[in-house]
file protein_18.txt (compact mmCIF, C-alpha atoms and all ligand atoms)
# COMPACT_ATOMS: atom_id res chain seq x y z
CA MET D 1 -0.11 -29.52 -40.41
CA ALA D 2 0.20 -25.75 -40.85
CA GLY D 3 -3.54 -25.52 -40.15
CA ASP D 4 -3.05 -27.42 -36.88
CA LEU D 5 -0.31 -25.03 -35.84
CA VAL D 6 -2.54 -22.03 -36.60
CA GLU D 7 -5.32 -23.61 -34.54
CA GLN D 8 -2.87 -24.25 -31.72
CA LEU D 9 -1.78 -20.62 -31.82
CA ASP D 10 -5.43 -19.53 -31.77
CA ARG D 11 -5.98 -21.50 -28.58
CA GLY D 12 -3.17 -19.47 -27.08
CA ASP D 13 -0.76 -22.38 -27.16
CA GLN D 14 2.55 -20.61 -27.78
CA ARG D 15 4.37 -23.87 -28.50
CA ALA D 16 3.19 -23.53 -32.08
CA LEU D 17 5.11 -20.30 -32.53
CA PRO D 18 8.70 -21.62 -32.70
CA ARG D 19 7.60 -24.30 -35.13
CA LEU D 20 5.81 -21.80 -37.38
CA LEU D 21 8.86 -19.52 -37.27
CA THR D 22 11.13 -22.37 -38.33
CA LEU D 23 8.85 -23.22 -41.25
CA VAL D 24 8.78 -19.58 -42.37
CA GLU D 25 12.55 -19.22 -41.99
CA ASN D 26 13.06 -22.25 -44.20
CA ASP D 27 10.69 -20.86 -46.83
CA ASP D 28 8.60 -23.96 -46.23
CA PRO D 29 5.28 -23.77 -48.12
CA ARG D 30 3.48 -24.90 -44.94
CA GLY D 31 4.80 -21.84 -43.13
CA LEU D 32 3.68 -19.59 -45.94
CA ALA D 33 0.25 -21.24 -45.92
CA ALA D 34 -0.06 -20.54 -42.19
CA LEU D 35 0.93 -16.92 -42.74
CA GLU D 36 -1.70 -16.65 -45.43
CA GLN D 37 -4.30 -17.57 -42.79
CA LEU D 38 -2.83 -15.37 -40.07
CA TYR D 39 -1.97 -12.25 -42.04
CA PRO D 40 -5.43 -10.58 -41.92
CA ARG D 41 -5.26 -10.32 -38.15
CA THR D 42 -1.77 -8.83 -38.00
CA GLY D 43 -0.89 -5.14 -38.06
CA ARG D 44 -1.57 -4.41 -34.42
CA ALA D 45 1.87 -4.77 -32.87
CA HIS D 46 4.25 -1.87 -32.46
CA VAL D 47 7.48 -2.97 -34.15
CA VAL D 48 10.57 -1.32 -32.69
CA GLY D 49 13.98 -1.71 -34.31
CA ILE D 50 17.06 -1.52 -32.11
CA THR D 51 20.11 -1.04 -34.26
CA GLY D 52 23.71 0.05 -33.74
CA PRO D 53 27.30 -1.07 -34.04
CA PRO D 54 28.51 -4.44 -32.74
CA GLY D 55 29.01 -4.43 -28.99
CA SER D 56 27.15 -1.17 -28.42
CA GLY D 57 24.94 -2.93 -25.90
CA LYS D 58 21.84 -3.58 -27.99
CA SER D 59 21.08 -6.93 -26.36
CA THR D 60 21.64 -5.54 -22.88
CA LEU D 61 19.35 -2.65 -23.74
CA VAL D 62 16.71 -4.96 -25.20
CA ALA D 63 16.74 -7.10 -22.05
CA ALA D 64 16.25 -4.00 -19.93
CA LEU D 65 13.46 -2.74 -22.19
CA VAL D 66 11.74 -6.12 -21.96
CA ALA D 67 11.75 -5.87 -18.18
CA GLY D 68 10.33 -2.34 -18.34
CA LEU D 69 7.61 -3.32 -20.80
CA ARG D 70 6.61 -6.28 -18.66
CA LYS D 71 6.13 -3.91 -15.74
CA ARG D 72 3.66 -2.13 -18.01
CA SER D 73 1.98 -5.49 -18.67
CA GLU D 74 2.90 -5.41 -22.34
CA ARG D 75 3.45 -8.75 -24.04
CA VAL D 76 6.86 -8.51 -25.69
CA ALA D 77 8.51 -10.51 -28.42
CA VAL D 78 12.14 -10.08 -29.38
CA LEU D 79 13.60 -10.96 -32.74
CA ALA D 80 17.39 -10.87 -32.77
CA ILE D 81 18.72 -10.86 -36.30
CA ASP D 82 22.27 -12.12 -36.71
CA PRO D 83 22.81 -11.90 -32.97
CA SER D 84 26.10 -11.65 -31.18
CA SER D 85 28.65 -10.68 -33.74
CA PRO D 86 31.96 -12.44 -33.13
CA VAL D 87 33.76 -9.07 -33.08
CA SER D 88 32.06 -7.66 -30.02
CA GLY D 89 32.07 -10.70 -27.81
CA GLY D 90 28.58 -9.68 -26.80
CA ALA D 91 26.50 -12.30 -25.08
CA VAL D 92 23.69 -13.96 -26.95
CA LEU D 93 20.46 -12.14 -26.28
CA GLY D 94 18.73 -15.26 -25.00
CA ASP D 95 21.37 -15.51 -22.27
CA ARG D 96 20.72 -11.96 -21.18
CA ILE D 97 16.97 -12.55 -20.98
CA ARG D 98 17.58 -15.78 -19.09
CA MET D 99 19.85 -13.93 -16.73
CA MET D 100 16.87 -11.76 -15.96
CA GLU D 101 14.82 -14.90 -15.26
CA ARG D 102 12.29 -14.02 -17.88
CA HIS D 103 12.36 -17.42 -19.55
CA ALA D 104 9.47 -18.67 -17.45
CA ASP D 105 7.38 -15.60 -18.30
CA PRO D 106 4.80 -16.45 -20.99
CA GLY D 107 4.51 -12.73 -21.79
CA VAL D 108 8.01 -12.74 -23.29
CA PHE D 109 9.14 -14.55 -26.39
CA VAL D 110 12.69 -14.44 -27.77
CA ARG D 111 13.85 -15.70 -31.11
CA SER D 112 17.13 -15.43 -33.01
CA MET D 113 17.34 -15.47 -36.74
CA ALA D 114 20.17 -15.57 -39.24
CA ALA D 115 19.53 -13.18 -42.10
CA ARG D 116 23.05 -12.71 -43.37
CA GLY D 117 23.53 -13.83 -46.92
CA ARG D 118 19.84 -14.29 -47.44
CA LEU D 119 18.48 -13.15 -50.75
CA GLY D 120 16.40 -10.01 -50.67
CA GLY D 121 18.00 -8.68 -47.49
CA LEU D 122 16.20 -8.38 -44.20
CA ALA D 123 12.83 -8.45 -45.87
CA PRO D 124 10.95 -10.65 -46.44
CA THR D 125 11.96 -13.42 -44.03
CA ALA D 126 12.26 -11.14 -41.02
CA ALA D 127 9.01 -9.45 -42.00
CA ARG D 128 7.27 -12.82 -42.05
CA ALA D 129 8.64 -13.63 -38.62
CA VAL D 130 7.32 -10.28 -37.36
CA HIS D 131 3.86 -11.10 -38.76
CA LEU D 132 3.85 -14.39 -36.87
CA LEU D 133 4.81 -12.69 -33.59
CA ASP D 134 2.14 -10.08 -34.24
CA ALA D 135 -0.48 -12.77 -34.91
CA ALA D 136 0.55 -14.51 -31.69
CA GLY D 137 -0.60 -11.40 -29.84
CA TYR D 138 2.63 -9.70 -28.79
CA SER D 139 1.89 -6.00 -28.56
CA THR D 140 5.50 -4.86 -28.80
CA ILE D 141 8.06 -6.54 -31.03
CA LEU D 142 11.68 -5.53 -30.52
CA VAL D 143 13.96 -6.30 -33.46
CA GLU D 144 17.68 -6.24 -32.66
CA THR D 145 19.99 -5.91 -35.62
CA VAL D 146 23.52 -4.72 -36.26
CA GLY D 147 23.18 -1.77 -38.57
CA THR D 148 25.76 -2.58 -41.18
CA GLY D 149 23.98 -0.85 -44.00
CA GLN D 150 25.22 -3.58 -46.32
CA ASP D 151 23.07 -5.86 -48.47
CA GLY D 152 20.34 -3.26 -48.48
CA ILE D 153 19.48 -4.48 -45.00
CA SER D 154 17.58 -1.84 -43.15
CA VAL D 155 15.54 -2.30 -40.04
CA ALA D 156 13.69 0.86 -41.08
CA ASP D 157 11.96 -1.32 -43.68
CA LEU D 158 10.52 -3.40 -40.89
CA ALA D 159 9.93 -1.21 -37.88
CA HIS D 160 7.51 1.58 -37.02
CA THR D 161 10.07 3.04 -34.65
CA VAL D 162 13.85 2.79 -34.99
CA ALA D 163 16.21 3.36 -32.07
CA VAL D 164 19.82 3.85 -33.16
CA VAL D 165 22.26 2.97 -30.39
CA GLN D 166 25.52 4.85 -30.13
CA VAL D 167 28.36 4.57 -27.61
CA PRO D 168 31.28 6.75 -26.63
CA GLY D 169 34.75 5.86 -27.79
CA LEU D 170 33.94 5.23 -31.42
CA GLY D 171 36.41 7.95 -32.34
CA ASP D 172 35.67 11.50 -33.24
CA GLY D 173 32.23 11.82 -31.69
CA VAL D 174 29.45 12.27 -34.16
CA GLN D 175 31.82 12.08 -37.11
CA SER D 176 32.32 8.40 -36.44
CA ILE D 177 28.66 7.58 -36.85
CA LYS D 178 28.11 5.82 -40.11
CA ALA D 179 26.43 7.86 -42.77
CA GLY D 180 22.83 6.85 -43.14
CA GLN D 181 22.65 5.32 -39.68
CA LEU D 182 21.62 8.45 -37.86
CA GLU D 183 18.98 9.35 -40.41
CA ILE D 184 16.94 6.21 -39.85
CA GLY D 185 16.76 6.83 -36.10
CA ASP D 186 13.45 8.00 -34.65
CA LEU D 187 15.30 8.14 -31.39
CA LEU D 188 19.01 8.15 -30.72
CA VAL D 189 20.15 6.20 -27.71
CA VAL D 190 23.59 6.86 -26.30
CA ASN D 191 24.40 3.77 -24.28
CA LYS D 192 27.18 3.22 -21.73
CA LEU D 193 26.49 6.57 -20.14
CA ASP D 194 28.66 5.34 -17.27
CA LEU D 195 31.72 5.51 -19.53
CA PRO D 196 33.77 8.65 -20.08
CA GLY D 197 32.79 10.73 -23.08
CA ALA D 198 29.20 9.48 -23.23
CA ARG D 199 27.65 12.75 -22.11
CA GLU D 200 29.68 14.56 -24.73
CA VAL D 201 28.23 12.26 -27.41
CA VAL D 202 24.73 13.10 -26.13
CA ARG D 203 25.52 16.81 -26.33
CA LEU D 204 26.93 16.60 -29.87
CA LEU D 205 24.07 14.45 -31.12
CA ARG D 206 21.53 16.93 -29.71
CA LEU D 207 23.23 19.74 -31.62
CA ASP D 208 23.23 17.61 -34.73
CA VAL D 209 19.55 16.70 -34.39
CA ALA D 210 18.55 20.31 -33.70
CA ALA D 211 20.19 21.32 -36.99
CA GLN D 212 18.20 18.75 -38.94
CA HIS D 213 14.89 19.47 -40.55
CA GLN D 214 12.16 17.18 -39.23
CA PRO D 215 9.58 17.01 -41.99
CA ASP D 216 6.98 15.00 -40.09
CA GLY D 217 6.89 17.18 -37.00
CA TRP D 218 8.73 14.69 -34.82
CA ASP D 219 11.65 15.97 -32.77
CA THR D 220 14.15 13.13 -32.61
CA PRO D 221 15.03 12.66 -28.94
CA VAL D 222 18.57 11.87 -27.86
CA VAL D 223 18.48 9.70 -24.76
CA GLY D 224 21.44 8.74 -22.60
CA VAL D 225 21.26 5.36 -20.88
CA SER D 226 23.31 2.81 -19.06
CA ALA D 227 21.76 -0.49 -20.06
CA THR D 228 23.76 -2.45 -17.49
CA SER D 229 22.66 -0.35 -14.51
CA GLY D 230 19.22 0.43 -15.90
CA ASP D 231 19.85 4.14 -15.57
CA GLY D 232 17.77 5.99 -18.17
CA ILE D 233 15.78 2.94 -19.32
CA GLU D 234 12.51 4.64 -18.40
CA ASP D 235 13.48 7.58 -20.64
CA VAL D 236 14.09 5.23 -23.57
CA LEU D 237 10.73 3.53 -23.00
CA GLU D 238 8.99 6.88 -22.80
CA ALA D 239 10.63 8.03 -26.05
CA ILE D 240 9.52 4.81 -27.77
CA GLU D 241 5.97 5.25 -26.52
CA ALA D 242 5.92 8.92 -27.49
CA HIS D 243 6.93 8.00 -31.04
CA HIS D 244 4.22 5.34 -31.12
CA ARG D 245 1.65 7.94 -30.11
CA HIS D 246 3.04 10.41 -32.65
CA LEU D 247 2.71 7.87 -35.48
CA LYS D 248 -0.84 7.02 -34.45
CA ALA D 249 -1.85 10.69 -34.24
CA THR D 250 -0.42 11.50 -37.68
CA ALA D 251 -0.17 9.85 -41.08
CA GLY D 252 3.02 8.24 -39.78
CA TRP D 253 1.56 4.87 -38.84
CA GLY D 254 0.06 4.34 -42.30
CA ASP D 255 3.23 5.61 -43.99
CA ARG D 256 5.47 3.24 -42.05
CA THR D 257 3.12 0.34 -42.65
CA ARG D 258 3.15 0.99 -46.38
CA ARG D 259 6.94 1.38 -46.39
CA ALA D 260 7.24 -2.03 -44.74
CA ALA D 261 4.82 -3.53 -47.27
CA VAL D 262 6.84 -2.14 -50.18
CA ALA D 263 10.07 -3.58 -48.77
CA GLU D 264 8.46 -6.94 -48.13
CA ILE D 265 6.82 -7.17 -51.54
CA LEU D 266 9.88 -6.04 -53.51
CA GLY D 267 12.20 -8.11 -51.32
CA GLY D 268 9.99 -11.11 -51.95
CA VAL D 269 9.98 -10.56 -55.69
CA ARG D 270 13.76 -10.22 -55.67
CA GLN D 271 14.12 -13.38 -53.62
CA GLU D 272 11.88 -15.34 -55.93
CA LEU D 273 13.56 -13.93 -59.06
CA ASP D 274 16.95 -14.85 -57.65
CA ARG D 275 15.81 -18.36 -56.87
CA ARG D 276 14.37 -18.90 -60.34
CA PHE D 277 17.39 -17.30 -61.92
CA ARG D 278 19.62 -19.77 -60.15
CA GLU D 279 17.44 -22.60 -61.39
CA VAL D 280 17.69 -21.41 -64.97
CA GLY D 281 21.35 -20.56 -64.53
CA SER D 282 22.23 -24.09 -63.47
CA SER D 283 20.20 -25.79 -66.17
CA ASP D 284 21.49 -27.48 -69.32
CA ASP D 285 19.74 -24.74 -71.28
CA LEU D 286 22.30 -22.28 -70.08
CA GLY D 287 25.12 -24.51 -71.29
CA THR D 288 23.60 -24.54 -74.77
CA LEU D 289 23.08 -20.78 -74.74
CA VAL D 290 26.66 -20.22 -73.59
CA ALA D 291 28.05 -22.52 -76.27
CA ASP D 292 26.00 -20.70 -78.94
CA VAL D 293 27.23 -17.31 -77.76
CA ALA D 294 30.85 -18.52 -77.58
CA ASN D 295 30.63 -20.01 -81.08
CA ARG D 296 29.04 -16.83 -82.43
CA ARG D 297 25.95 -18.74 -83.47
CA SER D 298 23.95 -16.35 -81.32
CA SER D 299 24.60 -12.98 -79.72
CA PRO D 300 24.81 -12.38 -75.95
CA GLU D 301 21.71 -10.16 -76.32
CA MET D 302 19.71 -13.03 -77.76
CA ALA D 303 20.82 -15.27 -74.91
CA ILE D 304 19.83 -12.60 -72.38
CA ALA D 305 16.42 -12.21 -73.98
CA ALA D 306 15.94 -15.99 -74.02
CA LEU D 307 16.81 -16.28 -70.31
CA LEU D 308 14.59 -13.35 -69.32
CA ASP D 309 11.79 -14.90 -71.31
CA ARG D 310 12.08 -18.10 -69.32
CA LEU D 311 12.19 -16.20 -66.00
CA GLY D 312 9.10 -14.22 -66.90
CA GLY D 313 7.24 -17.38 -67.78
CA ALA D 314 8.28 -18.99 -64.53
CA LEU D 315 7.10 -16.03 -62.47
CA GLY D 316 3.75 -15.96 -64.17
CA GLY D 317 3.19 -19.45 -62.80
CA GLY D 318 3.87 -21.14 -66.12
CA ASP D 319 2.74 -20.18 -69.57
CA PRO D 320 -1.08 -20.41 -69.58
CA VAL D 321 -1.36 -19.71 -73.29
CA GLY D 322 1.20 -22.36 -74.08
CA ASP D 323 -0.52 -24.76 -71.69
CA GLN D 324 -3.82 -24.22 -73.46
CA ARG D 325 -2.20 -24.81 -76.81
CA ARG D 326 -0.60 -27.98 -75.57
CA GLY D 327 -3.70 -29.07 -73.61
N1 LIG D 401 29.93 -0.01 -19.24
C1 LIG D 401 28.85 -0.45 -19.88
N2 LIG D 401 28.90 -1.59 -20.58
C2 LIG D 401 27.78 -2.01 -21.20
C3 LIG D 401 26.56 -1.30 -21.12
N3 LIG D 401 25.63 -1.96 -21.85
C4 LIG D 401 26.25 -3.05 -22.36
N4 LIG D 401 27.54 -3.10 -21.97
C5 LIG D 401 28.53 -4.14 -22.27
O1 LIG D 401 28.87 -4.12 -23.64
C6 LIG D 401 29.14 -5.44 -24.12
C7 LIG D 401 28.29 -5.76 -25.33
O2 LIG D 401 26.93 -5.79 -24.92
P1 LIG D 401 25.81 -6.46 -25.82
O3 LIG D 401 24.51 -6.13 -25.20
O4 LIG D 401 26.08 -7.88 -26.06
O5 LIG D 401 26.02 -5.64 -27.17
P2 LIG D 401 25.34 -5.88 -28.59
O6 LIG D 401 25.26 -4.55 -29.24
O7 LIG D 401 24.09 -6.64 -28.45
O8 LIG D 401 26.45 -6.76 -29.30
P3 LIG D 401 26.27 -7.60 -30.68
O9 LIG D 401 24.90 -8.20 -30.67
O10 LIG D 401 27.34 -8.61 -30.59
O11 LIG D 401 26.47 -6.62 -31.77
C8 LIG D 401 28.87 -6.38 -22.94
O12 LIG D 401 30.09 -6.67 -22.33
C9 LIG D 401 27.98 -5.54 -22.03
O13 LIG D 401 28.08 -5.90 -20.70
C10 LIG D 401 26.53 -0.09 -20.35
O14 LIG D 401 25.52 0.59 -20.21
N5 LIG D 401 27.70 0.28 -19.76
MG MG D 402 23.45 -8.41 -29.38
call {"tool": "encode", "arguments": {"input": "protein_18.txt", "output": "structure tokens", "more": "lines below"}}
Ligand SMILES: Nc1nc2c(ncn2[C@@H]2O[C@H](COP(=O)(O)OP(=O)(O)OP(=O)(O)O)[C@@H](O)[C@H]2O)c(=O)[nH]1
Ligand SMILES: [Mg+2]
result
Amino acid sequence: MAGDLVEQLDRGDQRALPRLLTLVENDDPRGLAALEQLYPRTGRAHVVGITGPPGSGKSTLVAALVAGLRKRSERVAVLAIDPSSPVSGGAVLGDRIRMMERHADPGVFVRSMAARGRLGGLAPTAARAVHLLDAAGYSTILVETVGTGQDGISVADLAHTVAVVQVPGLGDGVQSIKAGQLEIGDLLVVNKLDLPGAREVVRLLRLDVAAQHQPDGWDTPVVGVSATSGDGIEDVLEAIEAHHRHLKATAGWGDRTRRAAVAEILGGVRQELDRRFREVGSSDDLGTLVADVANRRSSPEMAIAALLDRLGGALGGGDPVGDQRRG
């Protein structure tokens, strides 16, 4: 079945894509088998993360960027992770794209994904989704995510280029920007430029950026935009493209690609370890171990070692030596 879907995708039939994404999101082995086939031909798409506080206008911005990229004949896919936080009352991204009548455009694909509470953070499920979109031939993949900084979730682990969206009225200008948020930005986008105070945020951020040391020779641009009116959208697109060119002209592209691979591999290991740990943790074995520790028949350290032993065996795909002995 996964093979059929891959074939379908190869023929350019995009109907396979939502189904493959669902399989991958559910950690279905058929989805993973399809990815196994598709992975060698991925790595071409430019992955752009759009992150920022709830209600800062990320979805509005993404919709405007999609329109701009389509004018440049780019095929664009959008992955919205944990879209539309209840706090902001922001519209679901799909609605915004539909409002722009892009739903009938085969050059645009939009998908929402819930990542919250998933083991291993943003990677690896989101990374797998990105690979599928890449394999489907989308040249730009926009990933919208609320930058909470919790759960080790970082879009910087996924994207070649990260745009951090800021808005006026968050309090004391630059001071209000969450620590760690600014640093991951390859470009800083001040949205809602039509609102009072926005130009002041641009000015302060520029001062801030100028004071920072840029080790890779990239000068982080600060771009003001009004996503609703479209004012400044071209500047954002140009900054994204300039960063793309910069990465390609330097070691940046390879560095970012390796960084994403590390996050995906380690996230995957953590996810699998967690899953197996839960299996062991809910088994009768654990009850026996707990009883032994409680009765002082065995020490907690011995129980820990016994559990780790079982996990290690499980990860190694069973115990080949033991199997041989038994077989
Ligand atoms: N004045 C003004 N309002 C804007 C602008 N861009 C977006 N908004 C409004 O801000 C609100 C939130 O916009 P969204 O695009 O949903 O924001 P978001 O960051 O995607 O929100 P979440 O996904 O819920 O975190 C909406 O009411 C938008 O209309 C802008 O440039 N100017
Ligand atoms: Mg949104």
call {"tool": "atom_distance", "arguments": {"input": "protein_18.txt", "atom1": "atom C10 of ligand LIG 401 (chain D)", "atom2": "atom CA of D:Val62"}}
result
12.0 Å
call {"tool": "closest_residue", "arguments": {"input": "protein_18.txt", "among": "D:Ser283, D:Thr145, D:Asn26, D:Ser73", "to": "ligand MG 402 (chain D)", "atoms": "all atoms listed in the file"}}
result
D:Thr145
call {"tool": "atom_distance", "arguments": {"input": "protein_18.txt", "atom1": "atom CA of D:Pro18", "atom2": "atom CA of D:Thr257"}}
result
24.7 Å
call {"tool": "residues_near_point", "arguments": {"input": "protein_18.txt", "point": "(-0.2, -21.2, -35.3)", "cutoff": "9 Å", "atoms": "all atoms listed in the file", "output": "number ranges by chain"}}
result
D: 2-17, 19-20, 34-35, 38, 132, 135-136
call {"tool": "write_last_selection", "arguments": {"input": "protein_18.txt", "atoms": "C-alpha atoms", "output": "short mmCIF file (atom, residue, chain, number, x, y, z; two decimals), in the frame of the given file"}}
result
data_model
loop_
_atom_site.label_atom_id
_atom_site.label_comp_id
_atom_site.auth_asym_id
_atom_site.auth_seq_id
_atom_site.Cartn_x
_atom_site.Cartn_y
_atom_site.Cartn_z
CA ALA D 2 0.20 -25.75 -40.85
CA GLY D 3 -3.54 -25.52 -40.15
CA ASP D 4 -3.05 -27.42 -36.88
CA LEU D 5 -0.31 -25.03 -35.84
CA VAL D 6 -2.54 -22.03 -36.60
CA GLU D 7 -5.32 -23.61 -34.54
CA GLN D 8 -2.87 -24.25 -31.72
CA LEU D 9 -1.78 -20.62 -31.82
CA ASP D 10 -5.43 -19.53 -31.77
CA ARG D 11 -5.98 -21.50 -28.58
CA GLY D 12 -3.17 -19.47 -27.08
CA ASP D 13 -0.76 -22.38 -27.16
CA GLN D 14 2.55 -20.61 -27.78
CA ARG D 15 4.37 -23.87 -28.50
CA ALA D 16 3.19 -23.53 -32.08
CA LEU D 17 5.11 -20.30 -32.53
CA ARG D 19 7.60 -24.30 -35.13
CA LEU D 20 5.81 -21.80 -37.38
CA ALA D 34 -0.06 -20.54 -42.19
CA LEU D 35 0.93 -16.92 -42.74
CA LEU D 38 -2.83 -15.37 -40.07
CA LEU D 132 3.85 -14.39 -36.87
CA ALA D 135 -0.48 -12.77 -34.91
CA ALA D 136 0.55 -14.51 -31.69
#
call {"tool": "atom_distance", "arguments": {"input": "protein_18.txt", "atom1": "atom CA of D:Glu272", "atom2": "atom CA of D:Asp292"}}
result
27.5 Å
call {"tool": "closest_residue", "arguments": {"input": "protein_18.txt", "among": "D:Asp157, D:Glu238, D:Asp186, D:Asp231", "to": "ligand LIG 401 (chain D)", "atoms": "all atoms listed in the file"}}
result
D:Asp231
call {"tool": "closest_residue", "arguments": {"input": "protein_18.txt", "among": "D:Pro106, D:Gly230, D:Gly185, D:Gly49", "to": "ligand LIG 401 (chain D)", "atoms": "all atoms listed in the file"}}
result
D:Gly230
call {"tool": "closest_residue", "arguments": {"input": "protein_18.txt", "among": "D:Leu187, D:Tyr138, D:Asn295, D:Arg310", "to": "D:Thr51", "atoms": "all atoms listed in the file"}}
result
D:Leu187
call {"tool": "closest_residue", "arguments": {"input": "protein_18.txt", "among": "D:Ser229, D:Thr125, D:Ser139, D:Ser154", "to": "ligand LIG 401 (chain D)", "atoms": "all atoms listed in the file"}}
result
D:Ser229
call {"tool": "closest_residue", "arguments": {"input": "protein_18.txt", "among": "D:Val143, D:Ile265, D:Leu65, D:Ala242", "to": "ligand MG 402 (chain D)", "atoms": "all atoms listed in the file"}}
result
D:Val143
call {"tool": "residues_around", "arguments": {"input": "protein_18.txt", "residues": "D:Val223", "least_positions_apart": "3", "cutoff": "9 Å", "atoms": "only C-alpha atoms", "output": "list in words"}}
result
Leu187, Leu188, Val189, Val190, Asn191, Val202, Gly232, Asp235, Val236 and Ala239 of chain D
call {"tool": "write_last_selection", "arguments": {"input": "protein_18.txt", "atoms": "C-alpha atoms", "output": "JSON list (two decimals), in the frame of the given file"}}
result
[["chain", "number", "residue", "atom", "x", "y", "z"],
["D", 187, "LEU", "CA", 15.30, 8.14, -31.39],
["D", 188, "LEU", "CA", 19.01, 8.15, -30.72],
["D", 189, "VAL", "CA", 20.15, 6.20, -27.71],
["D", 190, "VAL", "CA", 23.59, 6.86, -26.30],
["D", 191, "ASN", "CA", 24.40, 3.77, -24.28],
["D", 202, "VAL", "CA", 24.73, 13.10, -26.13],
["D", 232, "GLY", "CA", 17.77, 5.99, -18.17],
["D", 235, "ASP", "CA", 13.48, 7.58, -20.64],
["D", 236, "VAL", "CA", 14.09, 5.23, -23.57],
["D", 239, "ALA", "CA", 10.63, 8.03, -26.05]]
call {"tool": "residues_around", "arguments": {"input": "protein_18.txt", "residues": "D:Thr140", "least_positions_apart": "6", "cutoff": "12 Å", "atoms": "all atoms listed in the file", "output": "PyMOL selection string"}}
result
chain D and resi 43-49+62+65-66+68-70+72-79+107-109+130-131+133-134+159-161+237+240-241+244
